[in-house]
Structure formats: C-alpha cells, structure tokens
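Engineer: Got a structure here, written out as structure tokens. Questions coming.
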Amino acid sequence: MNLFVNILAIAIFGILAVSLVYTLSVARQQKTVEGELDTKIAKPVQGNVYARNPIFLAYGIFFALLLFIVLFVAITFV
C-alpha cells in the first residue's frame, strides 16, 4: 500500500507541475491590445471552449482523482 501511495503522490505532483506549466504558457500567449478590453478568441479555442479551458481541465482531473481515491479506500477497507 505504501508503494501505491508514493506512486499516487508522484502522479499528483506531476499533474500539478504540468498544469502549472500549461497555465503559464497559455498566459504568456495571450496578448492584450492596448486600450481594448475584449480581443478576438482564437479559432481552436472557439471550437473547444470547455476542453481548452485550464480551469475546467483542473476540475475534471481533481474529481477523477478524488473518485479514484474514494474507490481505492472503499475497496481496501471494505
């Protein structure tokens, strides 16, 4: 069980690191036009509004990991 917890912890930290790098790269790509509040949304983002949003991606990964942990605890202790 200790090995599983270590592997799970490494996976969680890996996902957090990838998410941080992805968020920083997306933030750097965004260009703001001086004096204009709204800019045009890129075509790939318009097509996949929910799949390209890092916030929805983070929530999805969080709930998937939470479900995985709950199932693991339920199988282990029941």
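Residue names in the structure tokens use chain letters A, B, ... in the order shown, residue numbers from 1 in each chain, and ligand numbers from 1 in the order shown.
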What parts of chain A does DSSP call helix (DSSP H, G or I)? I'd like the answer as a VMD selection string.
Structural biologist: chain A and resid 2 to 29 43 to 47 54 to 77
Engineer: So that I can check the surroundings of Leu8 of chain A, please list as a list in words every protein, DNA and RNA residue that reaches within 12 Å of it, counting only C-alpha atoms and ignoring chain neighbours fewer than 5 positions away.
Structural biologist: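 Neighbouring residues, sequence-local ones excluded: Met1, Asn2, Leu3, Phe13, Gly14, Ile15, Leu65, Leu66, Phe68, Ile69 and Phe72 of chain A.
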Engineer: Could you turn the residues from that selection into a file that holds all heavy atoms, as a compact mmCIF listing (two decimals), in the first residue's frame?
Structural biologist:
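The resulting file, part-v2.txt, is reproduced below:
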```txt
# COMPACT_ATOMS: atom_id res chain seq x y z
N MET A 1 0.83 -1.20 0.00
CA MET A 1 0.00 0.00 0.00
C MET A 1 0.87 1.25 0.00
O MET A 1 0.51 2.24 -0.61
CB MET A 1 -0.93 -0.01 1.20
CG MET A 1 -1.89 1.16 1.17
SD MET A 1 -3.18 1.03 2.36
CE MET A 1 -2.82 2.43 3.37
N ASN A 2 2.00 1.20 0.69
CA ASN A 2 2.86 2.36 0.75
C ASN A 2 3.41 2.71 -0.63
O ASN A 2 3.55 3.89 -0.97
CB ASN A 2 4.00 2.11 1.73
CG ASN A 2 4.78 3.36 2.05
OD1 ASN A 2 4.29 4.46 1.82
ND2 ASN A 2 5.97 3.20 2.57
N LEU A 3 3.71 1.69 -1.43
CA LEU A 3 4.19 1.93 -2.79
C LEU A 3 3.11 2.61 -3.63
O LEU A 3 3.40 3.52 -4.38
CB LEU A 3 4.61 0.61 -3.43
CG LEU A 3 5.08 0.69 -4.88
CD1 LEU A 3 6.37 1.50 -4.96
CD2 LEU A 3 5.28 -0.69 -5.45
N PHE A 13 1.72 15.19 -8.08
CA PHE A 13 2.67 16.29 -8.23
C PHE A 13 3.05 16.49 -9.69
O PHE A 13 3.25 17.63 -10.14
CB PHE A 13 3.93 16.06 -7.39
CG PHE A 13 3.71 16.34 -5.93
CD1 PHE A 13 3.86 15.35 -4.98
CD2 PHE A 13 3.35 17.61 -5.50
CE1 PHE A 13 3.65 15.60 -3.64
CE2 PHE A 13 3.15 17.88 -4.16
CZ PHE A 13 3.30 16.87 -3.23
N GLY A 14 3.12 15.42 -10.46
CA GLY A 14 3.39 15.54 -11.88
C GLY A 14 2.28 16.28 -12.60
O GLY A 14 2.54 17.15 -13.45
N ILE A 15 1.03 15.94 -12.28
CA ILE A 15 -0.11 16.62 -12.90
C ILE A 15 -0.13 18.09 -12.50
O ILE A 15 -0.41 18.95 -13.33
CB ILE A 15 -1.42 15.91 -12.51
CG1 ILE A 15 -1.48 14.55 -13.20
CG2 ILE A 15 -2.63 16.75 -12.87
CD1 ILE A 15 -2.60 13.67 -12.72
N LEU A 65 -9.41 12.15 -9.83
CA LEU A 65 -8.52 11.65 -8.78
C LEU A 65 -9.27 11.42 -7.47
O LEU A 65 -9.00 10.45 -6.76
CB LEU A 65 -7.35 12.61 -8.57
CG LEU A 65 -6.30 12.62 -9.66
CD1 LEU A 65 -5.27 13.71 -9.39
CD2 LEU A 65 -5.63 11.28 -9.78
N LEU A 66 -10.21 12.30 -7.15
CA LEU A 66 -10.99 12.14 -5.93
C LEU A 66 -11.82 10.86 -6.00
O LEU A 66 -11.87 10.09 -5.03
CB LEU A 66 -11.90 13.35 -5.72
CG LEU A 66 -12.72 13.37 -4.44
CD1 LEU A 66 -11.81 13.47 -3.23
CD2 LEU A 66 -13.70 14.53 -4.47
N PHE A 68 -11.12 8.25 -7.81
CA PHE A 68 -10.18 7.15 -7.74
C PHE A 68 -9.76 6.86 -6.29
O PHE A 68 -9.70 5.70 -5.88
CB PHE A 68 -8.95 7.47 -8.60
CG PHE A 68 -7.94 6.37 -8.65
CD1 PHE A 68 -8.21 5.18 -9.30
CD2 PHE A 68 -6.71 6.53 -8.03
CE1 PHE A 68 -7.26 4.17 -9.34
CE2 PHE A 68 -5.77 5.53 -8.06
CZ PHE A 68 -6.04 4.35 -8.72
N ILE A 69 -9.49 7.89 -5.53
CA ILE A 69 -9.09 7.71 -4.13
C ILE A 69 -10.23 7.12 -3.31
O ILE A 69 -10.03 6.22 -2.49
CB ILE A 69 -8.59 9.04 -3.54
CG1 ILE A 69 -7.26 9.43 -4.18
CG2 ILE A 69 -8.44 8.96 -2.03
CD1 ILE A 69 -6.80 10.83 -3.86
N PHE A 72 -10.55 3.49 -4.15
CA PHE A 72 -9.44 2.75 -3.56
C PHE A 72 -9.68 2.50 -2.08
O PHE A 72 -9.48 1.40 -1.59
CB PHE A 72 -8.13 3.50 -3.76
CG PHE A 72 -6.97 2.88 -3.06
CD1 PHE A 72 -6.41 1.72 -3.55
CD2 PHE A 72 -6.46 3.44 -1.90
CE1 PHE A 72 -5.34 1.13 -2.89
CE2 PHE A 72 -5.41 2.86 -1.24
CZ PHE A 72 -4.84 1.69 -1.73
```
Engineer: So which residues touch segment 54-57 of chain A within 7 Å, counting only C-alpha atoms, skipping near sequence neighbours fewer than 4 positions away, as an mmCIF file with C-alpha atoms, in the first residue's frame?
Structural biologist:
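Below is the file that was written, selection36.cif:
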```cif
data_model
loop_
_atom_site.group_PDB
_atom_site.id
_atom_site.type_symbol
_atom_site.label_atom_id
_atom_site.label_comp_id
_atom_site.auth_asym_id
_atom_site.auth_seq_id
_atom_site.Cartn_x
_atom_site.Cartn_y
_atom_site.Cartn_z
ATOM 1 C CA THR A 23 -1.255 27.612 -17.443
ATOM 2 C CA TYR A 50 -14.628 23.645 -22.487
ATOM 3 C CA ILE A 61 -8.650 15.968 -13.113
#
```
Engineer: Enter the distance from atom CA of Ala58 of chain A to atom CA of Leu16 of chain A, in Å, rounded to one decimal.
Structural biologist: 8.9 Å
